[in-house]
$ cat start.pdb   # PDB, C-alpha atoms, pLDDT in the B column
ATOM      1  CA  MET M   1     124.429 -73.295-145.801  1.00 50.00           C
ATOM      2  CA  GLN M   2     124.708 -76.376-147.983  1.00 50.00           C
ATOM      3  CA  GLY M   3     128.344 -75.502-148.570  1.00 48.00           C
ATOM      4  CA  LEU M   4     128.965 -75.441-144.829  1.00 44.00           C
ATOM      5  CA  LEU M   5     127.239 -78.797-144.323  1.00 45.00           C
ATOM      6  CA  ALA M   6     129.243 -80.306-147.169  1.00 46.00           C
ATOM      7  CA  LEU M   7     132.413 -79.050-145.516  1.00 42.00           C
ATOM      8  CA  VAL M   8     131.561 -80.246-141.992  1.00 40.00           C
ATOM      9  CA  LEU M   9     130.089 -83.706-142.622  1.00 41.00           C
ATOM     10  CA  PRO M  10     133.077 -85.334-144.351  1.00 40.00           C
ATOM     11  CA  PHE M  11     135.259 -84.448-141.357  1.00 38.00           C
ATOM     12  CA  VAL M  12     132.720 -85.753-138.870  1.00 41.00           C
ATOM     13  CA  PHE M  13     132.069 -88.984-140.759  1.00 40.00           C
ATOM     14  CA  GLY M  14     135.699 -89.262-141.804  1.00 41.00           C
ATOM     15  CA  GLY M  15     136.746 -89.645-138.195  1.00 45.00           C
ATOM     16  CA  CYS M  16     134.444 -92.590-137.621  1.00 51.00           C
ATOM     17  CA  ILE M  17     133.671 -94.447-140.791  1.00 54.00           C
ATOM     18  CA  THR M  18     137.021 -94.575-142.579  1.00 70.00           C
ATOM     19  CA  THR M  19     138.614 -97.962-142.003  1.00 79.00           C
ATOM     20  CA  MET M  20     142.140 -99.049-142.713  1.00 87.00           C
ATOM     21  CA  PRO M  21     142.762-102.747-143.479  1.00 90.00           C
ATOM     22  CA  PHE M  22     145.859-104.404-142.118  1.00 89.00           C
ATOM     23  CA  GLY M  23     147.059-107.854-143.197  1.00 89.00           C
ATOM     24  CA  SER M  24     144.915-110.396-144.990  1.00 91.00           C
ATOM     25  CA  PRO M  25     141.978-112.384-143.553  1.00 94.00           C
ATOM     26  CA  PRO M  26     142.959-115.838-142.220  1.00 95.00           C
ATOM     27  CA  ARG M  27     141.175-118.597-144.142  1.00 92.00           C
ATOM     28  CA  GLN M  28     139.627-120.508-141.253  1.00 91.00           C
ATOM     29  CA  ALA M  29     137.367-122.429-143.649  1.00 92.00           C
ATOM     30  CA  ALA M  30     140.486-124.179-144.969  1.00 94.00           C
ATOM     31  CA  LEU M  31     141.118-125.766-141.542  1.00 95.00           C
ATOM     32  CA  GLU M  32     138.942-128.687-142.641  1.00 93.00           C
ATOM     33  CA  ARG M  33     141.709-129.708-145.022  1.00 95.00           C
ATOM     34  CA  LEU M  34     144.198-130.227-142.193  1.00 95.00           C
ATOM     35  CA  LYS M  35     144.475-133.384-140.044  1.00 93.00           C
ATOM     36  CA  PRO M  36     145.767-133.105-136.465  1.00 91.00           C
ATOM     37  CA  GLY M  37     148.857-135.252-135.962  1.00 91.00           C
ATOM     38  CA  GLN M  38     149.261-135.795-139.703  1.00 93.00           C
ATOM     39  CA  SER M  39     149.463-132.461-141.509  1.00 95.00           C
ATOM     40  CA  THR M  40     152.858-130.798-141.393  1.00 96.00           C
ATOM     41  CA  ALA M  41     153.966-127.188-141.040  1.00 95.00           C
ATOM     42  CA  ALA M  42     154.599-127.204-144.788  1.00 95.00           C
ATOM     43  CA  ASP M  43     150.954-128.249-145.368  1.00 96.00           C
ATOM     44  CA  VAL M  44     149.764-125.378-143.169  1.00 96.00           C
ATOM     45  CA  LEU M  45     152.003-122.935-144.994  1.00 95.00           C
ATOM     46  CA  LEU M  46     150.630-124.121-148.308  1.00 95.00           C
ATOM     47  CA  ILE M  47     146.989-123.853-147.232  1.00 96.00           C
ATOM     48  CA  LEU M  48     146.997-120.766-144.993  1.00 95.00           C
ATOM     49  CA  GLY M  49     150.014-118.856-146.245  1.00 93.00           C
ATOM     50  CA  GLU M  50     152.746-117.218-144.244  1.00 92.00           C
ATOM     51  CA  PRO M  51     151.936-116.312-140.624  1.00 92.00           C
ATOM     52  CA  ARG M  52     152.432-112.815-139.264  1.00 89.00           C
ATOM     53  CA  GLY M  53     154.184-114.067-136.171  1.00 91.00           C
ATOM     54  CA  ASP M  54     155.008-117.075-134.053  1.00 91.00           C
ATOM     55  CA  GLY M  55     155.228-118.147-130.445  1.00 93.00           C
ATOM     56  CA  ALA M  56     154.725-121.047-128.073  1.00 91.00           C
ATOM     57  CA  VAL M  57     152.216-122.263-125.505  1.00 88.00           C
ATOM     58  CA  ARG M  58     152.246-124.721-122.616  1.00 86.00           C
ATOM     59  CA  TRP M  59     148.908-125.102-120.824  1.00 80.00           C
ATOM     60  CA  THR M  60     149.349-128.180-118.651  1.00 79.00           C
ATOM     61  CA  PRO M  61     152.327-130.076-117.196  1.00 80.00           C
ATOM     62  CA  ALA M  62     151.039-133.262-118.823  1.00 82.00           C
ATOM     63  CA  VAL M  63     151.373-131.948-122.355  1.00 82.00           C
ATOM     64  CA  SER M  64     154.609-130.604-123.803  1.00 87.00           C
ATOM     65  CA  SER M  65     154.853-127.082-125.190  1.00 89.00           C
ATOM     66  CA  ARG M  66     153.414-126.358-128.604  1.00 91.00           C
ATOM     67  CA  LYS M  67     154.712-124.056-131.301  1.00 93.00           C
ATOM     68  CA  VAL M  68     152.263-121.329-132.377  1.00 94.00           C
ATOM     69  CA  TRP M  69     151.791-119.555-135.687  1.00 94.00           C
ATOM     70  CA  TYR M  70     149.828-116.314-135.524  1.00 93.00           C
ATOM     71  CA  TYR M  71     147.589-114.918-138.294  1.00 94.00           C
ATOM     72  CA  GLU M  72     145.611-111.703-138.031  1.00 92.00           C
ATOM     73  CA  TYR M  73     143.555-109.275-140.048  1.00 94.00           C
ATOM     74  CA  ILE M  74     142.410-105.872-138.790  1.00 92.00           C
ATOM     75  CA  GLU M  75     140.071-103.237-140.146  1.00 91.00           C
ATOM     76  CA  ALA M  76     140.802-100.244-137.963  1.00 85.00           C
ATOM     77  CA  GLY M  77     138.584 -97.194-137.690  1.00 77.00           C
ATOM     78  CA  SER M  78     138.215 -94.442-135.154  1.00 68.00           C
ATOM     79  CA  GLY M  79     137.847 -95.774-131.649  1.00 65.00           C
ATOM     80  CA  ARG M  80     137.495 -99.435-132.596  1.00 71.00           C
ATOM     81  CA  ALA M  81     138.758-102.175-134.856  1.00 83.00           C
ATOM     82  CA  ASP M  82     137.270-105.297-136.368  1.00 91.00           C
ATOM     83  CA  THR M  83     139.645-108.219-136.079  1.00 92.00           C
ATOM     84  CA  LYS M  84     140.035-111.776-137.265  1.00 95.00           C
ATOM     85  CA  ILE M  85     142.708-113.823-135.533  1.00 95.00           C
ATOM     86  CA  LEU M  86     143.861-117.394-136.037  1.00 96.00           C
ATOM     87  CA  LEU M  87     146.377-119.311-133.917  1.00 95.00           C
ATOM     88  CA  MET M  88     147.770-122.580-135.258  1.00 96.00           C
ATOM     89  CA  PHE M  89     149.357-125.051-132.828  1.00 95.00           C
ATOM     90  CA  PHE M  90     152.124-127.522-133.688  1.00 95.00           C
ATOM     91  CA  ASP M  91     153.572-130.511-131.860  1.00 93.00           C
ATOM     92  CA  GLN M  92     157.090-130.611-133.250  1.00 91.00           C
ATOM     93  CA  ASP M  93     156.404-130.240-136.969  1.00 91.00           C
ATOM     94  CA  ARG M  94     152.824-131.622-136.889  1.00 95.00           C
ATOM     95  CA  TYR M  95     149.637-129.568-136.845  1.00 95.00           C
ATOM     96  CA  ASP M  96     147.924-130.112-133.487  1.00 93.00           C
ATOM     97  CA  GLY M  97     145.024-127.683-133.139  1.00 94.00           C
ATOM     98  CA  TYR M  98     143.778-124.167-133.723  1.00 96.00           C
ATOM     99  CA  LEU M  99     141.963-121.226-132.190  1.00 96.00           C
ATOM    100  CA  TRP M 100     140.254-118.577-134.271  1.00 96.00           C
ATOM    101  CA  PHE M 101     137.868-115.747-133.486  1.00 96.00           C
ATOM    102  CA  SER M 102     136.477-112.913-135.519  1.00 96.00           C
ATOM    103  CA  SER M 103     134.296-109.850-135.378  1.00 94.00           C
ATOM    104  CA  ALA M 104     130.915-110.702-136.862  1.00 93.00           C
ATOM    105  CA  SER M 105     131.506-108.474-139.881  1.00 89.00           C
ATOM    106  CA  LEU M 106     134.667-110.381-140.877  1.00 92.00           C
ATOM    107  CA  VAL M 107     133.683-114.022-140.269  1.00 91.00           C
ATOM    108  CA  GLY M 108     133.051-114.746-143.944  1.00 88.00           C
ATOM    109  CA  LYS M 109     135.897-112.609-145.241  1.00 85.00           C
ATOM    110  CA  GLN M 110     138.588-114.857-146.728  1.00 80.00           C
TER     111      GLN M 110
ATOM    112  CA  MET S 111     135.640 -63.103-157.665  1.00 44.00           C
ATOM    113  CA  THR S 112     136.277 -64.145-154.100  1.00 42.00           C
ATOM    114  CA  ARG S 113     133.433 -65.952-152.377  1.00 45.00           C
ATOM    115  CA  GLU S 114     133.005 -65.239-148.706  1.00 42.00           C
ATOM    116  CA  TYR S 115     131.578 -67.804-146.300  1.00 41.00           C
ATOM    117  CA  ALA S 116     129.208 -66.664-143.625  1.00 43.00           C
ATOM    118  CA  ALA S 117     130.099 -66.786-139.972  1.00 42.00           C
ATOM    119  CA  PRO S 118     128.452 -69.510-137.783  1.00 47.00           C
ATOM    120  CA  GLY S 119     125.923 -66.996-136.596  1.00 48.00           C
ATOM    121  CA  TRP S 120     124.567 -67.067-140.098  1.00 44.00           C
ATOM    122  CA  LEU S 121     123.030 -70.502-139.474  1.00 48.00           C
ATOM    123  CA  SER S 122     119.308 -70.482-139.054  1.00 57.00           C
ATOM    124  CA  GLY S 123     118.041 -72.053-135.847  1.00 60.00           C
ATOM    125  CA  ARG S 124     116.637 -75.059-137.718  1.00 57.00           C
ATOM    126  CA  MET S 125     119.827 -75.784-139.660  1.00 55.00           C
ATOM    127  CA  ARG S 126     121.974 -75.361-136.552  1.00 54.00           C
ATOM    128  CA  ALA S 127     119.799 -77.920-134.796  1.00 55.00           C
ATOM    129  CA  LEU S 128     120.183 -80.281-137.762  1.00 50.00           C
ATOM    130  CA  VAL S 129     123.975 -80.000-137.733  1.00 48.00           C
ATOM    131  CA  LEU S 130     124.111 -80.549-133.978  1.00 47.00           C
ATOM    132  CA  ALA S 131     121.807 -83.567-134.237  1.00 45.00           C
ATOM    133  CA  VAL S 132     123.946 -85.152-136.979  1.00 43.00           C
ATOM    134  CA  VAL S 133     127.186 -84.549-135.083  1.00 42.00           C
ATOM    135  CA  ALA S 134     125.693 -85.988-131.892  1.00 40.00           C
ATOM    136  CA  LEU S 135     124.456 -89.121-133.667  1.00 37.00           C
ATOM    137  CA  VAL S 136     127.793 -89.768-135.358  1.00 39.00           C
ATOM    138  CA  ALA S 137     129.731 -89.067-132.195  1.00 40.00           C
ATOM    139  CA  ALA S 138     127.539 -91.557-130.357  1.00 38.00           C
ATOM    140  CA  GLY S 139     128.729 -94.207-132.796  1.00 42.00           C
ATOM    141  CA  CYS S 140     132.326 -93.447-131.859  1.00 47.00           C
ATOM    142  CA  THR S 141     132.006 -93.781-128.120  1.00 47.00           C
ATOM    143  CA  THR S 142     133.741 -96.600-126.286  1.00 54.00           C
ATOM    144  CA  ALA S 143     131.622 -99.698-125.772  1.00 59.00           C
ATOM    145  CA  PRO S 144     130.661-100.693-122.213  1.00 72.00           C
ATOM    146  CA  ARG S 145     133.143-102.970-120.451  1.00 83.00           C
ATOM    147  CA  ILE S 146     132.630-106.702-120.679  1.00 89.00           C
ATOM    148  CA  PRO S 147     131.361-107.871-117.263  1.00 91.00           C
ATOM    149  CA  VAL S 148     134.038-110.554-116.785  1.00 89.00           C
ATOM    150  CA  ASN S 149     133.277-110.630-113.053  1.00 90.00           C
ATOM    151  CA  ARG S 150     130.003-112.380-113.922  1.00 93.00           C
ATOM    152  CA  LEU S 151     131.837-115.385-115.404  1.00 93.00           C
ATOM    153  CA  GLU S 152     131.874-116.846-111.884  1.00 93.00           C
ATOM    154  CA  GLU S 153     128.112-117.280-112.144  1.00 95.00           C
ATOM    155  CA  LEU S 154     128.498-119.739-115.018  1.00 95.00           C
ATOM    156  CA  SER S 155     128.877-123.457-114.482  1.00 95.00           C
ATOM    157  CA  VAL S 156     131.071-125.546-116.800  1.00 94.00           C
ATOM    158  CA  GLY S 157     129.090-128.363-118.410  1.00 94.00           C
ATOM    159  CA  ARG S 158     125.743-126.993-117.200  1.00 96.00           C
ATOM    160  CA  SER S 159     125.258-123.373-118.244  1.00 97.00           C
ATOM    161  CA  THR S 160     123.861-122.778-121.722  1.00 98.00           C
ATOM    162  CA  LYS S 161     124.265-120.175-124.452  1.00 98.00           C
ATOM    163  CA  THR S 162     121.126-118.485-123.146  1.00 98.00           C
ATOM    164  CA  ASP S 163     122.718-118.188-119.686  1.00 98.00           C
ATOM    165  CA  VAL S 164     125.884-116.703-121.205  1.00 97.00           C
ATOM    166  CA  GLU S 165     123.973-114.147-123.258  1.00 97.00           C
ATOM    167  CA  ARG S 166     121.888-113.187-120.225  1.00 97.00           C
ATOM    168  CA  LEU S 167     125.012-112.525-118.127  1.00 96.00           C
ATOM    169  CA  LEU S 168     127.421-111.134-120.716  1.00 96.00           C
ATOM    170  CA  GLY S 169     125.179-109.677-123.388  1.00 95.00           C
ATOM    171  CA  ARG S 170     125.321-110.191-127.119  1.00 95.00           C
ATOM    172  CA  ARG S 171     128.602-111.400-128.605  1.00 96.00           C
ATOM    173  CA  GLN S 172     130.471-109.306-131.178  1.00 94.00           C
ATOM    174  CA  GLY S 173     131.757-112.258-133.164  1.00 97.00           C
ATOM    175  CA  GLU S 174     132.425-115.972-133.261  1.00 97.00           C
ATOM    176  CA  GLY S 175     135.094-118.550-133.808  1.00 97.00           C
ATOM    177  CA  GLY S 176     136.226-122.109-133.202  1.00 96.00           C
ATOM    178  CA  VAL S 177     138.884-124.002-131.285  1.00 96.00           C
ATOM    179  CA  SER S 178     140.534-127.404-131.207  1.00 93.00           C
ATOM    180  CA  PHE S 179     142.788-127.492-128.161  1.00 90.00           C
ATOM    181  CA  PRO S 180     146.258-128.996-128.529  1.00 83.00           C
ATOM    182  CA  VAL S 181     146.105-130.262-124.936  1.00 81.00           C
ATOM    183  CA  ASP S 182     143.248-132.574-125.886  1.00 82.00           C
ATOM    184  CA  THR S 183     144.968-135.856-126.739  1.00 74.00           C
ATOM    185  CA  ARG S 184     141.834-137.818-127.624  1.00 78.00           C
ATOM    186  CA  PRO S 185     142.196-139.491-131.045  1.00 73.00           C
ATOM    187  CA  SER S 186     139.232-137.631-132.514  1.00 78.00           C
ATOM    188  CA  LYS S 187     140.079-134.177-131.247  1.00 80.00           C
ATOM    189  CA  PRO S 188     136.849-132.338-130.371  1.00 87.00           C
ATOM    190  CA  GLN S 189     136.103-128.916-131.807  1.00 92.00           C
ATOM    191  CA  TYR S 190     134.366-126.236-129.795  1.00 95.00           C
ATOM    192  CA  GLU S 191     132.454-123.124-130.754  1.00 97.00           C
ATOM    193  CA  VAL S 192     133.776-119.742-129.607  1.00 97.00           C
ATOM    194  CA  TRP S 193     131.841-116.597-128.782  1.00 97.00           C
ATOM    195  CA  TYR S 194     133.929-113.451-129.142  1.00 97.00           C
ATOM    196  CA  TYR S 195     133.447-110.341-127.000  1.00 96.00           C
ATOM    197  CA  VAL S 196     135.538-107.202-127.234  1.00 92.00           C
ATOM    198  CA  ASP S 197     135.404-103.691-125.839  1.00 88.00           C
ATOM    199  CA  TRP S 198     137.699-100.771-126.518  1.00 84.00           C
ATOM    200  CA  GLU S 199     139.099 -98.179-124.180  1.00 82.00           C
ATOM    201  CA  LYS S 200     140.551 -94.933-125.432  1.00 80.00           C
ATOM    202  CA  LYS S 201     143.881 -93.970-123.865  1.00 79.00           C
ATOM    203  CA  SER S 202     145.349 -90.550-124.486  1.00 81.00           C
ATOM    204  CA  VAL S 203     148.931 -90.559-125.689  1.00 79.00           C
ATOM    205  CA  SER S 204     149.021 -86.763-125.832  1.00 83.00           C
ATOM    206  CA  ASN S 205     146.512 -83.930-126.011  1.00 82.00           C
ATOM    207  CA  GLU S 206     145.786 -84.737-129.638  1.00 81.00           C
ATOM    208  CA  VAL S 207     146.571 -88.420-130.005  1.00 82.00           C
ATOM    209  CA  TYR S 208     144.862 -91.409-128.481  1.00 77.00           C
ATOM    210  CA  VAL S 209     144.984 -95.160-128.977  1.00 78.00           C
ATOM    211  CA  SER S 210     142.139 -97.618-128.598  1.00 76.00           C
ATOM    212  CA  LEU S 211     143.072-100.723-126.622  1.00 81.00           C
ATOM    213  CA  PRO S 212     140.967-103.876-126.402  1.00 85.00           C
ATOM    214  CA  ARG S 213     139.747-106.183-123.715  1.00 87.00           C
ATOM    215  CA  VAL S 214     138.934-109.557-125.290  1.00 91.00           C
ATOM    216  CA  LEU S 215     136.821-112.391-123.913  1.00 94.00           C
ATOM    217  CA  LEU S 216     136.454-115.790-125.596  1.00 95.00           C
ATOM    218  CA  VAL S 217     133.750-118.162-124.344  1.00 96.00           C
ATOM    219  CA  PHE S 218     133.857-121.837-125.348  1.00 96.00           C
ATOM    220  CA  PHE S 219     130.847-124.084-126.060  1.00 97.00           C
ATOM    221  CA  ASP S 220     130.310-127.742-126.800  1.00 95.00           C
ATOM    222  CA  ALA S 221     127.051-127.480-128.779  1.00 95.00           C
ATOM    223  CA  ASP S 222     124.815-125.484-126.398  1.00 97.00           C
ATOM    224  CA  THR S 223     126.850-126.150-123.257  1.00 96.00           C
ATOM    225  CA  TYR S 224     129.314-123.677-121.731  1.00 96.00           C
ATOM    226  CA  GLN S 225     132.821-125.151-121.442  1.00 94.00           C
ATOM    227  CA  GLY S 226     135.045-122.310-120.258  1.00 94.00           C
ATOM    228  CA  PHE S 227     136.592-118.991-121.185  1.00 94.00           C
ATOM    229  CA  THR S 228     139.736-116.929-121.582  1.00 92.00           C
ATOM    230  CA  TRP S 229     140.099-113.163-121.451  1.00 91.00           C
ATOM    231  CA  PHE S 230     142.900-110.653-121.714  1.00 86.00           C
ATOM    232  CA  ASP S 231     143.045-106.915-121.255  1.00 83.00           C
ATOM    233  CA  LEU S 232     145.411-104.604-123.120  1.00 78.00           C
ATOM    234  CA  THR S 233     144.060-101.348-121.718  1.00 74.00           C
ATOM    235  CA  GLY S 234     147.094-100.871-119.520  1.00 64.00           C
ATOM    236  CA  THR S 235     145.204-100.884-116.246  1.00 61.00           C
ATOM    237  CA  PRO S 236     147.081-103.201-113.866  1.00 57.00           C
ATOM    238  CA  PRO S 237     144.877-106.219-113.088  1.00 55.00           C
ATOM    239  CA  ALA S 238     143.519-106.534-109.554  1.00 58.00           C
ATOM    240  CA  SER S 239     145.923-109.413-108.838  1.00 54.00           C
ATOM    241  CA  VAL S 240     148.908-107.223-109.787  1.00 55.00           C
ATOM    242  CA  ARG S 241     147.623-104.224-107.820  1.00 57.00           C
ATOM    243  CA  GLY S 242     147.313-106.485-104.776  1.00 58.00           C
ATOM    244  CA  ILE S 243     150.960-107.527-105.007  1.00 55.00           C
ATOM    245  CA  LEU S 244     152.147-103.949-105.533  1.00 55.00           C
ATOM    246  CA  SER S 245     150.111-102.534-102.654  1.00 57.00           C
ATOM    247  CA  SER S 246     151.483-105.114-100.220  1.00 51.00           C
ATOM    248  CA  ARG S 247     155.073-103.955-100.812  1.00 46.00           C
TER     249      ARG S 247
END

$ encode --input "start.pdb" --output "structure tokens"
Amino acid sequence: MQGLLALVLPFVFGGCITTMPFGSPPRQAALERLKPGQSTAADVLLILGEPRGDGAVRWTPAVSSRKVWYYEYIEAGSGRADTKILLMFFDQDRYDGYLWFSSASLVGKQ
Amino acid sequence: MTREYAAPGWLSGRMRALVLAVVALVAAGCTTAPRIPVNRLEELSVGRSTKTDVERLLGRRQGEGGVSFPVDTRPSKPQYEVWYYVDWEKKSVSNEVYVSLPRVLLVFFDADTYQGFTWFDLTGTPPASVRGILSSR
């Protein structure tokens, strides 16, 4: 009986608890070291590392489009994933804002 | 010597109940979370609603964050708090393979005051606005 339980439980738990990390956690705490309008893309690269992707955004006609760098970290399990995502915005070559959000379990993970 | 394992019928009633209880509990942890009630966002008022109002309408957040909008051209660019909501929907790719796709909602606060939101849905269900366009053709 114990042998059967030992055989069954790893499969059951294995489907739900095993997580697979993907990428590295964005260091949102380091944002304090950047100054909007002053820090450059090179400064961001130095402080946050290389982004996983890039893009652009334009939200209002009054403000020109902004370049976007995309950082993400994922811990994927069965049926769900914990994520930490950081978007960095640039006006030309100057840092101009950010947006980050994170699953509660990953907020402090740097 | 070859060891033979007993057939499932070998389980005593008590142990079978234990196995079933464990499997049910673990499986419950794997089920898809309830959908975020984004339709209730209309009940919130920018600049007036509070974090308590948001939690009452949308439930507990799954995470947090921060934002400094590039469209804000004020010299001292304000920073807002973000509440992060996510739910996952399982979509079958085949009989044996499925993917879990998220719907994400971000709610913005200035201190305790609700400032706005953004949400996006990757579950593959055409949004109501798209379905409306398609059905009119």

$ interface_residues --input "start.pdb" --of "chain M" --to "chain S" --cutoff "6 Å" --atoms "only C-alpha atoms" --output "MDAnalysis selection string"
chainID M and resid 79 96:104

$ write_last_selection --input "start.pdb" --atoms "C-alpha atoms" --output "short mmCIF file (atom, residue, chain, number, x, y, z; two decimals), keeping the file's coordinate frame"
data_model
loop_
_atom_site.label_atom_id
_atom_site.label_comp_id
_atom_site.auth_asym_id
_atom_site.auth_seq_id
_atom_site.Cartn_x
_atom_site.Cartn_y
_atom_site.Cartn_z
CA GLY M 79 137.85 -95.77 -131.65
CA ASP M 96 147.92 -130.11 -133.49
CA GLY M 97 145.02 -127.68 -133.14
CA TYR M 98 143.78 -124.17 -133.72
CA LEU M 99 141.96 -121.23 -132.19
CA TRP M 100 140.25 -118.58 -134.27
CA PHE M 101 137.87 -115.75 -133.49
CA SER M 102 136.48 -112.91 -135.52
CA SER M 103 134.30 -109.85 -135.38
CA ALA M 104 130.92 -110.70 -136.86
#

$ resolve_selection --input "start.pdb" --expression "the PyMOL selection byres ((chain S and resi 219) around 9)" --output "MDAnalysis selection string"
chainID S and resid 157 160:161 190:193 217:218 220:226

$ residues_around --input "start.pdb" --residues "Arg94 of chain M" --least-positions-apart "4" --cutoff "8 Å" --atoms "all atoms listed in the file" --output "MDAnalysis selection string"
chainID M and resid 36:41 90

$ closest_residue --input "start.pdb" --among "M:Gly77, M:Thr83, M:Thr60, M:Pro51" --to "Ser105 of chain M" --atoms "only C-alpha atoms"
M:Thr83

$ atom_distance --input "start.pdb" --atom1 "atom CA of Pro25 of chain M" --atom2 "atom CA of Leu215 of chain S"
20.3 Å

$ closest_residue --input "start.pdb" --among "M:Arg33, M:Phe89, M:Ala81, M:Val68" --to "Ala56 of chain M" --atoms "only C-alpha atoms"
M:Val68

$ atom_distance --input "start.pdb" --atom1 "atom CA of Asp54 of chain M" --atom2 "atom CA of Thr233 of chain S"
22.8 Å

$ atom_distance --input "start.pdb" --atom1 "atom CA of Leu31 of chain M" --atom2 "atom CA of Glu50 of chain M"
14.7 Å

$ closest_residue --input "start.pdb" --among "S:Thr228, S:Arg213, S:Leu168, S:Glu206" --to "Glu153 of chain S" --atoms "all atoms listed in the file"
S:Leu168

$ residues_near_point --input "start.pdb" --point "(142.5, -114.6, -139.6)" --cutoff "6 Å" --atoms "only C-alpha atoms" --output "list of chain:residue names"
M:Pro25, M:Pro26, M:Tyr71, M:Glu72, M:Tyr73, M:Lys84, M:Ile85, M:Leu86

$ residues_near_point --input "start.pdb" --point "(139.2, -114.3, -148.7)" --cutoff "9 Å" --atoms "all atoms listed in the file" --output "list in words"
Ser24, Pro25, Pro26, Arg27, Gly108, Lys109 and Gln110 of chain M
